[in-house]
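Written below as structure tokens is the structure these notes are about.
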Amino acid sequence: MIVDTHTHLDHPKFAADLEEVLHRAQRAGVDCYIIPGADPKDLSRAMELATTYPSIFFGVGVHPYEIEQFDEALFEVVDHPKCVAVGECGLDYYRLPSDQGERAAIKEAQREIFIRQIEIAKRAGKPLIVHIREASRDAKELLERYGGPQGGVLHCYNASPILLDLAQRNFYFGIGGVVTFHNAKKLVEILPQIPLDRMFLETDAPYLTPHPHRGKRNEPAYLVYVLERIAQILGRSTEELAQITTQNATRLFGRLCYN
């Protein structure tokens, strides 16, 4: 069976047919899900789903695009029995303004909020779910300086070679639909360098839908396309990779569906 380690089942796009989505996922072999905490306004929905469904867990965090909503009070739920991580948090420099002063201010604000969430995770003993986009060097520097032994996962690993060293600091690499894209040359080339005991499967549903369903809403059932593509690249069986990645997820996040 397979764990979708990053799926936004709390997204409004799943409100009308969540039961059908979960049934399709189970038929595809996906039967455990982690909802990352990206936007504070969605936290209550994530907690509701995690409380309702034994197979759903959640993280609490603030995405770098939502740092204005950061509030320490959000993290009072970090000890909830179904909360397995802090995040999705991190750095995203992709949409910075052209003005240099504004760029510098936004970067500094993102760094500050990221550091605070790293420290919360360290105090709670919970792993991080880390979002990094066009900020690999800064993110690595902060994780090495402030991170703790609990480590975490680099969500939607961006194929940056400089991040590979984080495997030695108990960080894992989330691989999703991007690996199936025709233009994913860098990720395909670097995939064999990721230690198998540091690899996760994820969808980021409803985003980043894998081939051959690009253009449609992504959902956990499509994780099989990610698994098949990784197996093809690495020359491994899908059964072996499913078992390894599931073991990896339970090693980092602790109590999941398989404990």
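Ordering of the structure tokens sets the chain letters (A, B, ...), residue numbers begin anew at 1 in every chain, and ligands are numbered from 1 in the order given.
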Residue contacts of Ala221 (chain A) (8 Å, only C-alpha atoms) excluding same-chain residues fewer than 3 positions away, as a PyMOL selection string
chain A and resi 21-22+24-30+224
Kindly export the residues of the current selection with N, CA and C atoms, as an mmCIF file, in the first residue's frame.
```
data_model
loop_
_atom_site.group_PDB
_atom_site.id
_atom_site.type_symbol
_atom_site.label_atom_id
_atom_site.label_comp_id
_atom_site.auth_asym_id
_atom_site.auth_seq_id
_atom_site.Cartn_x
_atom_site.Cartn_y
_atom_site.Cartn_z
ATOM 1 N N VAL A 21 -13.314 10.266 -4.171
ATOM 2 C CA VAL A 21 -11.864 10.431 -4.326
ATOM 3 C C VAL A 21 -11.111 9.405 -3.478
ATOM 4 N N LEU A 22 -11.538 9.222 -2.241
ATOM 5 C CA LEU A 22 -10.873 8.267 -1.358
ATOM 6 C C LEU A 22 -11.084 6.828 -1.824
ATOM 7 N N ARG A 24 -11.514 5.846 -4.947
ATOM 8 C CA ARG A 24 -10.663 5.630 -6.116
ATOM 9 C C ARG A 24 -9.207 5.428 -5.686
ATOM 10 N N ALA A 25 -8.787 6.192 -4.696
ATOM 11 C CA ALA A 25 -7.418 6.059 -4.206
ATOM 12 C C ALA A 25 -7.184 4.670 -3.611
ATOM 13 N N GLN A 26 -8.120 4.197 -2.809
ATOM 14 C CA GLN A 26 -7.980 2.882 -2.189
ATOM 15 C C GLN A 26 -7.912 1.785 -3.243
ATOM 16 N N ARG A 27 -8.726 1.903 -4.290
ATOM 17 C CA ARG A 27 -8.693 0.906 -5.358
ATOM 18 C C ARG A 27 -7.347 0.917 -6.083
ATOM 19 N N ALA A 28 -6.679 2.095 -6.079
ATOM 20 C CA ALA A 28 -5.364 2.211 -6.720
ATOM 21 C C ALA A 28 -4.222 1.808 -5.795
ATOM 22 N N GLY A 29 -4.536 1.501 -4.533
ATOM 23 C CA GLY A 29 -3.506 1.086 -3.588
ATOM 24 C C GLY A 29 -3.015 2.185 -2.673
ATOM 25 N N VAL A 30 -3.629 3.352 -2.737
ATOM 26 C CA VAL A 30 -3.250 4.476 -1.868
ATOM 27 C C VAL A 30 -4.242 4.522 -0.716
ATOM 28 N N VAL A 224 -0.216 6.468 -8.530
ATOM 29 C CA VAL A 224 0.327 5.275 -9.190
ATOM 30 C C VAL A 224 1.156 5.658 -10.413
#
```
For region 147-149 of chain A, please output as a PDB file with N, CA and C atoms, in the first residue's frame all residues within 7 Å (counting only C-alpha atoms; exclusion window: fewer than 6 positions along the same chain).
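What ended up in around-v9.pdb:
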```pdb
ATOM      1  N   ILE A 118      10.590  26.351  12.075  1.00  0.00           N
ATOM      2  CA  ILE A 118      11.624  25.344  12.333  1.00  0.00           C
ATOM      3  C   ILE A 118      11.787  25.151  13.838  1.00  0.00           C
ATOM      4  N   LYS A 122      11.107  21.853  16.185  1.00  0.00           N
ATOM      5  CA  LYS A 122      12.165  21.306  17.032  1.00  0.00           C
ATOM      6  C   LYS A 122      11.668  21.132  18.466  1.00  0.00           C
ATOM      7  N   ARG A 169      20.908  14.756   7.241  1.00  0.00           N
ATOM      8  CA  ARG A 169      20.302  15.413   8.399  1.00  0.00           C
ATOM      9  C   ARG A 169      18.855  14.972   8.591  1.00  0.00           C
ATOM     10  N   ASN A 170      18.549  13.760   8.156  1.00  0.00           N
ATOM     11  CA  ASN A 170      17.228  13.156   8.322  1.00  0.00           C
ATOM     12  C   ASN A 170      16.148  13.869   7.509  1.00  0.00           C
TER      13      ASN A 170
END
```
Do a neighbour search on Tyr222 (chain A) at 9 Å with only C-alpha atoms, toss out local chain neighbours closer than 4 positions, and write the hits as a PyMOL selection string.
chain A and resi 25+28+177+203+209-210+213+218+226
Written selection (N, CA and C atoms) as a PDB file, in the first residue's frame:
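Output file out-v2.pdb is given in full below:
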```pdb
ATOM      1  N   ALA A  25      -8.787   6.192  -4.696  1.00  0.00           N
ATOM      2  CA  ALA A  25      -7.418   6.059  -4.206  1.00  0.00           C
ATOM      3  C   ALA A  25      -7.184   4.670  -3.611  1.00  0.00           C
ATOM      4  N   ALA A  28      -6.679   2.095  -6.079  1.00  0.00           N
ATOM      5  CA  ALA A  28      -5.364   2.211  -6.720  1.00  0.00           C
ATOM      6  C   ALA A  28      -4.222   1.808  -5.795  1.00  0.00           C
ATOM      7  N   GLY A 177       4.034  14.459  -9.227  1.00  0.00           N
ATOM      8  CA  GLY A 177       3.678  14.408 -10.636  1.00  0.00           C
ATOM      9  C   GLY A 177       4.688  15.020 -11.579  1.00  0.00           C
ATOM     10  N   THR A 203       1.344  13.660  -4.127  1.00  0.00           N
ATOM     11  CA  THR A 203       0.620  14.189  -5.292  1.00  0.00           C
ATOM     12  C   THR A 203       0.576  15.706  -5.323  1.00  0.00           C
ATOM     13  N   THR A 209      -0.884  17.729 -11.511  1.00  0.00           N
ATOM     14  CA  THR A 209      -1.425  16.464 -12.008  1.00  0.00           C
ATOM     15  C   THR A 209      -0.432  15.769 -12.934  1.00  0.00           C
ATOM     16  N   PRO A 210      -0.169  14.484 -12.701  1.00  0.00           N
ATOM     17  CA  PRO A 210       0.815  13.785 -13.535  1.00  0.00           C
ATOM     18  C   PRO A 210       0.283  13.465 -14.932  1.00  0.00           C
ATOM     19  N   HIS A 213      -2.790  12.715 -17.165  1.00  0.00           N
ATOM     20  CA  HIS A 213      -4.013  13.430 -16.792  1.00  0.00           C
ATOM     21  C   HIS A 213      -3.802  14.931 -16.615  1.00  0.00           C
ATOM     22  N   ASN A 218      -5.865  17.008  -9.915  1.00  0.00           N
ATOM     23  CA  ASN A 218      -5.072  15.900  -9.395  1.00  0.00           C
ATOM     24  C   ASN A 218      -5.782  15.286  -8.190  1.00  0.00           C
ATOM     25  N   VAL A 226       3.048   8.311 -10.661  1.00  0.00           N
ATOM     26  CA  VAL A 226       4.338   8.737 -10.102  1.00  0.00           C
ATOM     27  C   VAL A 226       5.173   7.513  -9.746  1.00  0.00           C
TER      28      VAL A 226
END
```
Determine, using only C-alpha atoms, which residues of region 150-250 of chain A have any atom at most 8 Å from an atom of region 127-133 of chain A, and tabulate each with its shortest atom pair and distance in Å to one decimal place, rows ordered by chain and then rising number, as JSON lines.
```
{"residue": "A:Gln150", "atom": "CA", "partner": "A:Pro127", "partner_atom": "CA", "distance": 5.2}
{"residue": "A:Gly151", "atom": "CA", "partner": "A:Pro127", "partner_atom": "CA", "distance": 5.3}
{"residue": "A:Gly152", "atom": "CA", "partner": "A:Leu128", "partner_atom": "CA", "distance": 4.2}
{"residue": "A:Val153", "atom": "CA", "partner": "A:Ile129", "partner_atom": "CA", "distance": 5.1}
{"residue": "A:Leu154", "atom": "CA", "partner": "A:Val130", "partner_atom": "CA", "distance": 4.9}
{"residue": "A:His155", "atom": "CA", "partner": "A:His131", "partner_atom": "CA", "distance": 5.6}
{"residue": "A:Cys156", "atom": "CA", "partner": "A:His131", "partner_atom": "CA", "distance": 7.4}
{"residue": "A:Tyr157", "atom": "CA", "partner": "A:Ile132", "partner_atom": "CA", "distance": 7.8}
{"residue": "A:Asn158", "atom": "CA", "partner": "A:Arg133", "partner_atom": "CA", "distance": 7.2}
```
Restrict the selected residues to N, CA and C atoms and save them as an mmCIF file, in the first residue's frame.
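result-v3.cif written:
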```
data_model
loop_
_atom_site.group_PDB
_atom_site.id
_atom_site.type_symbol
_atom_site.label_atom_id
_atom_site.label_comp_id
_atom_site.auth_asym_id
_atom_site.auth_seq_id
_atom_site.Cartn_x
_atom_site.Cartn_y
_atom_site.Cartn_z
ATOM 1 N N GLN A 150 14.910 15.860 14.231
ATOM 2 C CA GLN A 150 13.674 15.265 13.724
ATOM 3 C C GLN A 150 13.562 15.363 12.206
ATOM 4 N N GLY A 151 14.337 16.261 11.582
ATOM 5 C CA GLY A 151 14.380 16.342 10.121
ATOM 6 C C GLY A 151 13.065 16.741 9.495
ATOM 7 N N GLY A 152 12.773 16.166 8.325
ATOM 8 C CA GLY A 152 11.553 16.505 7.620
ATOM 9 C C GLY A 152 11.594 16.040 6.179
ATOM 10 N N VAL A 153 10.724 16.611 5.366
ATOM 11 C CA VAL A 153 10.644 16.253 3.953
ATOM 12 C C VAL A 153 10.717 17.517 3.112
ATOM 13 N N LEU A 154 11.465 17.451 2.021
ATOM 14 C CA LEU A 154 11.514 18.531 1.051
ATOM 15 C C LEU A 154 10.411 18.260 0.046
ATOM 16 N N HIS A 155 9.285 18.917 0.255
ATOM 17 C CA HIS A 155 8.114 18.726 -0.605
ATOM 18 C C HIS A 155 8.407 19.154 -2.028
ATOM 19 N N CYS A 156 7.937 18.360 -2.982
ATOM 20 C CA CYS A 156 8.129 18.660 -4.414
ATOM 21 C C CYS A 156 9.598 18.988 -4.681
ATOM 22 N N TYR A 157 10.454 18.057 -4.326
ATOM 23 C CA TYR A 157 11.898 18.267 -4.465
ATOM 24 C C TYR A 157 12.226 18.851 -5.838
ATOM 25 N N ASN A 158 12.980 19.954 -5.807
ATOM 26 C CA ASN A 158 13.180 20.774 -7.006
ATOM 27 C C ASN A 158 14.402 20.388 -7.836
#
```
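Nearest residue to Arg229 (chain A), choosing from A:Cys257, A:Ala46, A:Leu252, A:Ile175 and counting only C-alpha atoms: A:Ile175.
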DSSP-assigned strand (DSSP E) members of region 100-251 of chain A, reported as an MDAnalysis selection string
chainID A and resid 128:133 152:155 171:175 199:201
Which residue out of A:Ile115, A:Ser160, A:Val178, A:Ala124 has the minimum interatomic distance to Arg145 (chain A) when only C-alpha atoms are used?
A:Ile115
Which is closer to Leu234 (chain A) than all the others in A:Asp79, A:Ile194, A:Pro220, A:Pro212, using only C-alpha atoms?
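That would be A:Ile194, the residue with the smallest distance to Leu234 (chain A).
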What are the closest atom pairs, with distances in Å to one decimal, for all residues of region 155-256 of chain A lying within 12 Å of region 14-19 of chain A? Consider only C-alpha atoms, order rows by chain and residue number, and present the result as JSON lines.
```
{"residue": "A:Ala205", "atom": "CA", "partner": "A:Phe14", "partner_atom": "CA", "distance": 9.5}
{"residue": "A:Pro206", "atom": "CA", "partner": "A:Phe14", "partner_atom": "CA", "distance": 8.2}
{"residue": "A:Tyr207", "atom": "CA", "partner": "A:Phe14", "partner_atom": "CA", "distance": 11.9}
{"residue": "A:Arg217", "atom": "CA", "partner": "A:Phe14", "partner_atom": "CA", "distance": 9.4}
{"residue": "A:Asn218", "atom": "CA", "partner": "A:Phe14", "partner_atom": "CA", "distance": 10.1}
{"residue": "A:Glu219", "atom": "CA", "partner": "A:Phe14", "partner_atom": "CA", "distance": 8.9}
{"residue": "A:Pro220", "atom": "CA", "partner": "A:Leu18", "partner_atom": "CA", "distance": 10.8}
```
For Pro54 (chain A), list every protein, DNA or RNA residue within 10 Å, evaluated using only C-alpha atoms, and leave out those in the same chain fewer than 4 positions away; present the list as a PyMOL selection string.
chain A and resi 31-33+49-50+82+256-257
Could you save those same residues with C-alpha atoms as a JSON list (two decimals), in the first residue's frame?
```json
[["chain", "number", "residue", "atom", "x", "y", "z"],
["A", 31, "ASP", "CA", -4.72, 4.26, 1.61],
["A", 32, "CYS", "CA", -2.95, 6.79, 3.83],
["A", 33, "TYR", "CA", -2.82, 10.58, 3.43],
["A", 49, "LEU", "CA", -11.01, 15.27, 8.08],
["A", 50, "ALA", "CA", -8.22, 13.78, 10.19],
["A", 82, "LYS", "CA", -3.33, 13.20, 14.24],
["A", 256, "LEU", "CA", 0.42, 6.38, 10.47],
["A", 257, "CYS", "CA", -2.10, 3.91, 9.08]]
```
